[in-house]
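Colleague: As input, take target_19.cif (mmCIF, C-alpha atoms):
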data_data
loop_
_atom_site.label_atom_id
_atom_site.label_comp_id
_atom_site.auth_asym_id
_atom_site.auth_seq_id
_atom_site.Cartn_x
_atom_site.Cartn_y
_atom_site.Cartn_z
CA MET K 1 -3.05 -13.31 -25.95
CA LEU K 2 -1.43 -9.86 -26.07
CA ASP K 3 1.68 -9.66 -28.26
CA ASP K 4 4.68 -8.82 -26.04
CA LYS K 5 5.86 -6.11 -28.42
CA PHE K 6 2.66 -4.16 -27.76
CA ARG K 7 2.41 -4.87 -24.04
CA PRO K 8 3.39 -1.92 -21.84
CA ARG K 9 6.51 -2.24 -19.68
CA VAL K 10 5.06 -2.74 -16.20
CA ALA K 11 6.83 -1.93 -12.92
CA LEU K 12 5.72 -3.22 -9.53
CA VAL K 13 6.63 -0.69 -6.82
CA LEU K 14 6.55 -2.06 -3.27
CA GLY K 15 6.60 0.48 -0.47
CA ALA K 16 7.99 0.57 3.06
CA GLY K 17 5.98 -0.41 6.09
CA SER K 18 7.74 -2.87 8.40
CA ALA K 19 5.37 -5.76 9.30
CA ARG K 20 2.62 -4.17 7.23
CA GLY K 21 4.87 -4.79 4.23
CA LEU K 22 4.09 -8.50 4.46
CA ALA K 23 0.94 -7.52 2.52
CA HIS K 24 3.21 -7.37 -0.54
CA ILE K 25 3.29 -11.17 -0.47
CA GLY K 26 -0.47 -11.29 -0.96
CA VAL K 27 -0.25 -8.68 -3.72
CA ILE K 28 2.28 -10.71 -5.70
CA GLN K 29 0.29 -13.92 -5.18
CA VAL K 30 -2.85 -12.42 -6.71
CA LEU K 31 -1.02 -10.76 -9.61
CA ARG K 32 0.57 -14.13 -10.46
CA GLU K 33 -2.74 -15.98 -10.14
CA HIS K 34 -4.34 -13.57 -12.62
CA HIS K 35 -1.31 -13.70 -14.94
CA ILE K 36 -0.70 -9.97 -14.55
CA PRO K 37 2.79 -9.36 -15.95
CA PHE K 38 5.37 -7.08 -14.38
CA ASP K 39 8.80 -6.58 -15.89
CA PHE K 40 10.74 -5.36 -12.86
CA ILE K 41 10.34 -4.58 -9.16
CA VAL K 42 11.34 -1.44 -7.27
CA GLY K 43 11.30 -1.84 -3.51
CA SER K 44 11.91 0.32 -0.47
CA SER K 45 12.54 -1.19 2.98
CA MET K 46 10.15 -4.13 3.49
CA GLY K 47 9.15 -3.76 -0.14
CA ALA K 48 12.78 -4.37 -1.08
CA MET K 49 12.87 -7.44 1.15
CA VAL K 50 9.72 -9.10 -0.22
CA GLY K 51 10.53 -8.06 -3.79
CA GLY K 52 14.11 -9.25 -3.53
CA ILE K 53 13.22 -12.64 -2.10
CA TYR K 54 10.62 -13.12 -4.83
CA ALA K 55 12.99 -11.97 -7.59
CA ALA K 56 15.57 -14.47 -6.33
CA GLY K 57 13.18 -17.28 -7.19
CA ALA K 58 11.34 -17.96 -3.94
CA ASP K 59 7.98 -19.70 -4.14
CA ILE K 60 5.62 -16.90 -3.07
CA LYS K 61 3.12 -19.38 -1.61
CA MET K 62 5.85 -21.17 0.34
CA LEU K 63 7.16 -17.84 1.66
CA ASP K 64 3.69 -17.08 2.98
CA ARG K 65 3.45 -20.39 4.85
CA MET K 66 7.01 -20.14 6.16
CA LEU K 67 6.47 -16.69 7.71
CA GLU K 68 3.20 -17.78 9.27
CA ASN K 69 5.06 -20.42 11.30
CA MET K 70 8.33 -18.57 11.93
CA ASP K 71 9.53 -17.09 15.19
CA THR K 72 10.82 -13.73 13.94
CA ASN K 73 12.62 -13.08 17.23
CA VAL K 74 15.51 -15.09 15.74
CA PHE K 75 16.29 -12.03 13.57
CA TYR K 76 17.04 -9.79 16.52
CA ASP K 77 20.61 -9.61 17.76
CA VAL K 78 20.66 -6.87 20.37
CA HIS K 79 24.09 -5.57 21.35
CA VAL K 80 25.62 -2.59 23.10
CA PRO K 81 24.49 0.28 20.87
CA ARG K 82 26.94 2.34 18.89
CA LEU K 83 25.23 2.96 15.55
CA GLY K 84 22.16 0.78 16.22
CA PHE K 85 20.65 -1.52 18.84
CA MET K 86 20.90 -4.53 16.49
CA SER K 87 24.00 -5.56 14.59
CA GLY K 88 21.94 -7.06 11.77
CA LYS K 89 24.07 -10.20 11.44
CA LYS K 90 21.12 -12.53 11.96
CA ILE K 91 18.89 -10.79 9.44
CA THR K 92 21.77 -10.76 6.97
CA SER K 93 22.14 -14.54 7.32
CA PHE K 94 18.39 -14.93 6.74
CA LEU K 95 18.51 -12.71 3.65
CA GLU K 96 21.47 -14.61 2.22
CA LEU K 97 19.53 -17.85 2.68
CA MET K 98 16.32 -16.51 1.13
CA THR K 99 18.06 -14.87 -1.83
CA LYS K 100 20.39 -17.86 -2.32
CA LYS K 101 23.31 -15.41 -2.07
CA LYS K 102 22.47 -14.20 -5.57
CA SER K 103 23.79 -11.05 -7.16
CA PHE K 104 21.43 -8.69 -8.97
CA ALA K 105 22.67 -10.10 -12.29
CA GLU K 106 21.54 -13.59 -11.24
CA LEU K 107 17.96 -12.70 -10.32
CA ASP K 108 14.94 -14.19 -12.11
CA LEU K 109 13.42 -10.72 -12.39
CA PRO K 110 15.13 -7.31 -12.47
CA LEU K 111 15.13 -5.56 -9.10
CA LEU K 112 16.01 -2.11 -7.81
CA THR K 113 16.24 -1.43 -4.08
CA VAL K 114 16.13 1.98 -2.45
CA ALA K 115 18.21 3.05 0.55
CA THR K 116 19.23 6.38 2.11
CA ASP K 117 22.80 7.68 2.42
CA LEU K 118 23.13 9.42 5.78
CA LEU K 119 26.15 11.40 4.60
CA SER K 120 24.55 13.02 1.56
CA GLY K 121 20.92 12.74 2.65
CA GLU K 122 20.07 11.40 -0.78
CA ARG K 123 18.22 8.42 -2.14
CA VAL K 124 20.49 5.62 -3.34
CA VAL K 125 19.28 3.04 -5.85
CA LEU K 126 21.07 -0.28 -5.42
CA GLU K 127 21.07 -2.65 -8.39
CA GLU K 128 24.51 -4.29 -8.45
CA GLY K 129 26.37 -6.75 -6.25
CA SER K 130 24.87 -8.75 -3.39
CA VAL K 131 21.08 -8.68 -3.24
CA ALA K 132 21.11 -9.62 0.45
CA GLU K 133 23.38 -6.69 1.30
CA ALA K 134 21.22 -4.28 -0.71
CA ILE K 135 18.08 -5.43 1.09
CA ARG K 136 19.89 -5.22 4.43
CA ALA K 137 20.70 -1.57 3.65
CA SER K 138 17.15 -0.79 2.55
CA ILE K 139 15.59 -2.18 5.76
CA SER K 140 18.09 -0.66 8.20
CA ILE K 141 15.79 1.39 10.40
CA PRO K 142 17.88 4.28 11.80
CA GLY K 143 18.76 3.72 15.43
CA ILE K 144 17.54 0.12 15.38
CA PHE K 145 19.81 -1.64 12.87
CA THR K 146 23.47 -0.80 12.38
CA PRO K 147 23.81 0.99 9.00
CA VAL K 148 25.46 -0.65 5.99
CA GLN K 149 28.72 1.00 4.96
CA GLN K 150 29.33 0.74 1.23
CA GLU K 151 31.54 2.68 -1.19
CA GLY K 152 31.93 5.67 1.14
CA MET K 153 28.23 5.76 1.98
CA ILE K 154 26.42 5.00 5.23
CA LEU K 155 23.16 3.40 4.16
CA VAL K 156 19.93 3.17 6.12
CA ASP K 157 16.25 2.52 5.47
CA GLY K 158 14.89 3.66 2.11
CA ALA K 159 11.79 4.96 3.89
CA VAL K 160 13.77 7.92 5.21
CA VAL K 161 13.69 9.59 1.78
CA ASP K 162 11.46 7.48 -0.48
CA ARG K 163 9.02 4.99 0.99
CA LEU K 164 7.17 4.50 -2.33
CA PRO K 165 9.76 4.83 -5.14
CA ILE K 166 7.43 5.54 -8.05
CA GLU K 167 9.84 8.08 -9.54
CA VAL K 168 12.58 5.45 -9.71
CA ALA K 169 10.31 3.11 -11.66
CA ARG K 170 9.34 5.82 -14.13
CA SER K 171 12.94 6.86 -14.63
CA ARG K 172 13.79 3.26 -15.57
CA GLY K 173 11.33 3.15 -18.43
CA ALA K 174 8.08 1.92 -16.90
CA ASP K 175 5.04 2.53 -19.12
CA LEU K 176 2.66 1.45 -16.39
CA ILE K 177 3.28 1.47 -12.62
CA ILE K 178 1.46 -0.68 -10.08
CA ALA K 179 2.37 0.81 -6.69
CA VAL K 180 1.60 -0.77 -3.33
CA ASP K 181 1.40 1.53 -0.30
CA VAL K 182 1.15 -0.17 3.09
CA THR K 183 1.43 2.94 5.26
CA PHE K 184 -1.20 5.54 4.41
CA GLY K 185 -4.19 3.37 3.50
CA PRO K 186 -7.48 2.89 5.37
CA GLY K 187 -7.76 2.19 9.09
CA LYS K 188 -4.59 3.95 10.20
CA ASN K 189 -4.01 3.37 13.91
CA VAL K 190 -0.95 4.73 15.71
CA SER K 191 0.08 3.06 18.95
CA ILE K 192 3.27 4.11 20.76
CA VAL K 193 4.47 1.56 23.32
CA ASN K 194 8.19 1.08 22.60
CA THR K 195 11.23 2.59 20.89
CA MET K 196 10.47 0.89 17.58
CA ASP K 197 7.01 2.48 17.52
CA VAL K 198 8.48 5.93 18.16
CA ILE K 199 10.95 5.60 15.29
CA MET K 200 8.46 4.10 12.84
CA ALA K 201 5.76 6.68 13.61
CA SER K 202 8.34 9.43 13.09
CA LEU K 203 9.32 7.97 9.71
CA ASP K 204 5.66 7.80 8.69
CA ILE K 205 5.12 11.45 9.55
CA MET K 206 8.25 12.43 7.65
CA GLY K 207 7.16 10.43 4.63
CA LYS K 208 3.56 11.65 4.33
CA GLN K 209 4.32 14.83 2.38
CA HIS K 210 6.55 12.94 -0.05
CA PHE K 211 3.88 10.27 -0.49
CA ASP K 212 1.26 12.92 -1.28
CA LEU K 213 3.56 14.30 -3.98
CA VAL K 214 4.51 11.02 -5.65
CA HIS K 215 1.51 8.71 -5.43
CA PRO K 216 -0.43 10.42 -8.26
CA GLY K 217 2.40 9.18 -10.51
CA ALA K 218 1.23 5.60 -10.11
CA ASP K 219 -1.15 4.25 -12.75
CA ILE K 220 -2.58 1.83 -10.17
CA LEU K 221 -2.35 2.41 -6.42
CA ILE K 222 -3.06 -0.58 -4.18
CA GLN K 223 -3.53 0.20 -0.48
CA PRO K 224 -4.20 -2.89 1.64
CA ALA K 225 -6.18 -2.22 4.81
CA VAL K 226 -3.26 -2.84 7.15
CA GLY K 227 -3.26 0.47 9.01
CA SER K 228 -4.47 -1.17 12.22
CA PHE K 229 -1.36 -3.38 12.42
CA GLN K 230 1.72 -2.21 14.30
CA PRO K 231 5.29 -2.18 12.88
CA GLY K 232 6.28 -5.23 14.91
CA ASP K 233 3.23 -7.38 14.17
CA PHE K 234 5.17 -10.02 12.25
CA ASP K 235 3.30 -12.71 14.19
CA LYS K 236 0.13 -11.57 12.38
CA SER K 237 1.49 -12.36 8.93
CA ARG K 238 -1.57 -14.43 7.97
CA GLN K 239 -3.97 -11.50 8.41
CA ILE K 240 -1.59 -9.01 6.79
CA VAL K 241 -0.94 -11.16 3.71
CA ASP K 242 -4.69 -11.71 3.33
CA GLN K 243 -5.28 -7.94 3.29
CA GLY K 244 -2.77 -7.68 0.45
CA ARG K 245 -4.72 -10.32 -1.45
CA ILE K 246 -8.08 -8.62 -0.87
CA ALA K 247 -6.87 -5.18 -1.98
CA THR K 248 -5.28 -6.59 -5.13
CA GLU K 249 -8.32 -8.64 -6.14
CA GLN K 250 -10.30 -5.40 -6.06
CA LYS K 251 -7.89 -3.81 -8.55
CA ILE K 252 -7.52 -6.63 -11.11
CA ASP K 253 -10.13 -5.33 -13.56
CA GLU K 254 -8.62 -1.83 -13.45
CA ILE K 255 -5.11 -3.20 -14.01
CA LEU K 256 -6.21 -5.28 -17.01
CA GLU K 257 -8.10 -2.34 -18.49
CA LYS K 258 -5.06 -0.06 -18.24
CA ILE K 259 -2.73 -2.66 -19.71
CA MET K 260 -5.07 -3.18 -22.66
CA ALA K 261 -5.56 0.58 -23.12
CA GLN K 262 -1.81 1.19 -23.30
CA ALA K 263 -1.37 -1.76 -25.63
CA ALA K 264 -4.10 -0.41 -27.91
CA THR K 265 -2.30 2.92 -28.07
CA LYS K 266 0.95 1.14 -29.05
CA ILE K 267 -0.85 -0.89 -31.71
CA GLU K 268 -2.49 2.24 -33.11
CA GLY K 269 0.88 3.96 -33.28
CA PHE K 270 2.43 0.91 -34.97
CA ASN K 271 -0.27 0.77 -37.64
CA SER K 272 -0.36 4.50 -38.39
#
How does the structure come out when it is put into structure tokens?

Modeller:
Amino acid sequence: MLDDKFRPRVALVLGAGSARGLAHIGVIQVLREHHIPFDFIVGSSMGAMVGGIYAAGADIKMLDRMLENMDTNVFYDVHVPRLGFMSGKKITSFLELMTKKKSFAELDLPLLTVATDLLSGERVVLEEGSVAEAIRASISIPGIFTPVQQEGMILVDGAVVDRLPIEVARSRGADLIIAVDVTFGPGKNVSIVNTMDVIMASLDIMGKQHFDLVHPGADILIQPAVGSFQPGDFDKSRQIVDQGRIATEQKIDEILEKIMAQAATKIEGFNS
């Protein structure tokens, strides 16, 4: 058993990806099954949602089964558009239920969520107050969901500026970063049939250059093969979660090796 004082501080970074982000559930399941430790989660968009629900104490296996049998149409509350086609009240109620209305201070595991302020154009890291409200901001796809107004900011989807917030994790003291990208992995297939597809494809294109710049900063990059799924494929949660599991199983040996290598370096430094 590795002494905690020599174990590296591990961050789990969960990226944006709409329905493809359900793969994060499978990732967390496998990490837990193999007793891979992570000290905090940084999430953007769907990564913030899955990470936040898990950090609030949800049973990750139960979450998997619940989504498989859920009609996700109940989240959609279409109204006359002003700032977005959906008011977001239904998804907010769901998030409050799943996070047990916890504040960040009440979470079982530290969490940071990433959103975008439309007024400044900058990344905003949310880590105080209502977890449900922070997730709601991070998943607010521009033009689809009404933005979240908070402290003089107008907050929308974190994917607009930072779909894989590796830099945030490093800035918060992570020694080792396990990052999960569900957008630019194998089997990418773009299909444009509705307004949601247009917006999501545009966000992906905007985010590719940033992804290319930041992903080398991850110590481990997990990319589930979910590229063939569309942004609205929430009814295919079983297949998407399974792809998260498969991709993570393939990385377990590498993760353990890097944890042990960093621990050995700490031990060497302690003994010198």

Colleague: Determine, counting only C-alpha atoms, which protein, DNA and RNA residues have an atom within 10 Å of an atom of Ala218 of chain K; residues of the same chain fewer than 4 positions away are not included. Present the result as a PyMOL selection string.

Modeller: chain K and resi 11-13+164-167+169-170+176-180+214+222

Colleague: Residues of the last selection are to be written out with C-alpha atoms, as an mmCIF file, keeping the file's coordinate frame.

Modeller:
data_model
loop_
_atom_site.group_PDB
_atom_site.id
_atom_site.type_symbol
_atom_site.label_atom_id
_atom_site.label_comp_id
_atom_site.auth_asym_id
_atom_site.auth_seq_id
_atom_site.Cartn_x
_atom_site.Cartn_y
_atom_site.Cartn_z
ATOM 1 C CA ALA K 11 6.830 -1.930 -12.920
ATOM 2 C CA LEU K 12 5.720 -3.220 -9.530
ATOM 3 C CA VAL K 13 6.630 -0.690 -6.820
ATOM 4 C CA LEU K 164 7.170 4.500 -2.330
ATOM 5 C CA PRO K 165 9.760 4.830 -5.140
ATOM 6 C CA ILE K 166 7.430 5.540 -8.050
ATOM 7 C CA GLU K 167 9.840 8.080 -9.540
ATOM 8 C CA ALA K 169 10.310 3.110 -11.660
ATOM 9 C CA ARG K 170 9.340 5.820 -14.130
ATOM 10 C CA LEU K 176 2.660 1.450 -16.390
ATOM 11 C CA ILE K 177 3.280 1.470 -12.620
ATOM 12 C CA ILE K 178 1.460 -0.680 -10.080
ATOM 13 C CA ALA K 179 2.370 0.810 -6.690
ATOM 14 C CA VAL K 180 1.600 -0.770 -3.330
ATOM 15 C CA VAL K 214 4.510 11.020 -5.650
ATOM 16 C CA ILE K 222 -3.060 -0.580 -4.180
#

Colleague: Take the PyMOL selection byres ((chain K and resi 139) around 8), apply it to the structure above, and return the hits as an MDAnalysis selection string.

Modeller: chainID K and resid 44:46 48:49 115 135:138 140:141 156:158

Colleague: Choose the residue, out of K:Gly217, K:Gly227, K:Pro8, K:Pro186, that has the smallest atom-to-atom separation from Ile240 of chain K; count all atoms listed in the file.

Modeller: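 Closest candidate: K:Gly227.
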
Colleague: Can you pull out the residues contacting segment 16-25 of chain K? Cut-off 9 Å, using all atoms listed in the file, and skip same-chain residues under 6 positions away; I want them as an mmCIF file with C-alpha atoms, in the coordinates of the input.

Modeller:
data_model
loop_
_atom_site.group_PDB
_atom_site.id
_atom_site.type_symbol
_atom_site.label_atom_id
_atom_site.label_comp_id
_atom_site.auth_asym_id
_atom_site.auth_seq_id
_atom_site.Cartn_x
_atom_site.Cartn_y
_atom_site.Cartn_z
ATOM 1 C CA GLY K 43 11.300 -1.840 -3.510
ATOM 2 C CA SER K 44 11.910 0.320 -0.470
ATOM 3 C CA SER K 45 12.540 -1.190 2.980
ATOM 4 C CA MET K 46 10.150 -4.130 3.490
ATOM 5 C CA GLY K 47 9.150 -3.760 -0.140
ATOM 6 C CA ALA K 48 12.780 -4.370 -1.080
ATOM 7 C CA MET K 49 12.870 -7.440 1.150
ATOM 8 C CA VAL K 50 9.720 -9.100 -0.220
ATOM 9 C CA GLY K 51 10.530 -8.060 -3.790
ATOM 10 C CA TYR K 54 10.620 -13.120 -4.830
ATOM 11 C CA ILE K 60 5.620 -16.900 -3.070
ATOM 12 C CA LYS K 61 3.120 -19.380 -1.610
ATOM 13 C CA LEU K 63 7.160 -17.840 1.660
ATOM 14 C CA ASP K 64 3.690 -17.080 2.980
ATOM 15 C CA ILE K 139 15.590 -2.180 5.760
ATOM 16 C CA ASP K 157 16.250 2.520 5.470
ATOM 17 C CA GLY K 158 14.890 3.660 2.110
ATOM 18 C CA ALA K 159 11.790 4.960 3.890
ATOM 19 C CA ASP K 162 11.460 7.480 -0.480
ATOM 20 C CA ARG K 163 9.020 4.990 0.990
ATOM 21 C CA LEU K 164 7.170 4.500 -2.330
ATOM 22 C CA VAL K 180 1.600 -0.770 -3.330
ATOM 23 C CA ASP K 181 1.400 1.530 -0.300
ATOM 24 C CA VAL K 182 1.150 -0.170 3.090
ATOM 25 C CA THR K 183 1.430 2.940 5.260
ATOM 26 C CA MET K 200 8.460 4.100 12.840
ATOM 27 C CA ASP K 204 5.660 7.800 8.690
ATOM 28 C CA PRO K 224 -4.200 -2.890 1.640
ATOM 29 C CA VAL K 226 -3.260 -2.840 7.150
ATOM 30 C CA GLY K 227 -3.260 0.470 9.010
ATOM 31 C CA PHE K 229 -1.360 -3.380 12.420
ATOM 32 C CA GLN K 230 1.720 -2.210 14.300
ATOM 33 C CA PRO K 231 5.290 -2.180 12.880
ATOM 34 C CA GLY K 232 6.280 -5.230 14.910
ATOM 35 C CA ASP K 233 3.230 -7.380 14.170
ATOM 36 C CA PHE K 234 5.170 -10.020 12.250
ATOM 37 C CA ASP K 235 3.300 -12.710 14.190
ATOM 38 C CA LYS K 236 0.130 -11.570 12.380
ATOM 39 C CA SER K 237 1.490 -12.360 8.930
ATOM 40 C CA ARG K 238 -1.570 -14.430 7.970
ATOM 41 C CA GLN K 239 -3.970 -11.500 8.410
ATOM 42 C CA ILE K 240 -1.590 -9.010 6.790
ATOM 43 C CA VAL K 241 -0.940 -11.160 3.710
ATOM 44 C CA ASP K 242 -4.690 -11.710 3.330
ATOM 45 C CA GLN K 243 -5.280 -7.940 3.290
ATOM 46 C CA GLY K 244 -2.770 -7.680 0.450
ATOM 47 C CA ARG K 245 -4.720 -10.320 -1.450
#

Colleague: Kindly provide, as a PDB file with C-alpha atoms, in the coordinates of the input, the polymer residues lying within 7 Å of (20.2, -4.1, -12.5), counting all atoms listed in the file and using the coordinates exactly as they appear in the file.

Modeller:
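Once written, result-v8.pdb looks like this:
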ATOM      1  CA  PHE K 104      21.430  -8.690  -8.970  1.00  0.00           C
ATOM      2  CA  ALA K 105      22.670 -10.100 -12.290  1.00  0.00           C
ATOM      3  CA  PRO K 110      15.130  -7.310 -12.470  1.00  0.00           C
ATOM      4  CA  LEU K 111      15.130  -5.560  -9.100  1.00  0.00           C
ATOM      5  CA  LEU K 112      16.010  -2.110  -7.810  1.00  0.00           C
ATOM      6  CA  GLU K 127      21.070  -2.650  -8.390  1.00  0.00           C
ATOM      7  CA  GLU K 128      24.510  -4.290  -8.450  1.00  0.00           C
TER       8      GLU K 128
END

Colleague: One number please: atom CA of Ala264 of chain K to atom CA of Leu221 of chain K, in Å, one decimal.

Modeller: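 Separation of atom CA of Ala264 of chain K and atom CA of Leu221 of chain K: 21.7 Å.
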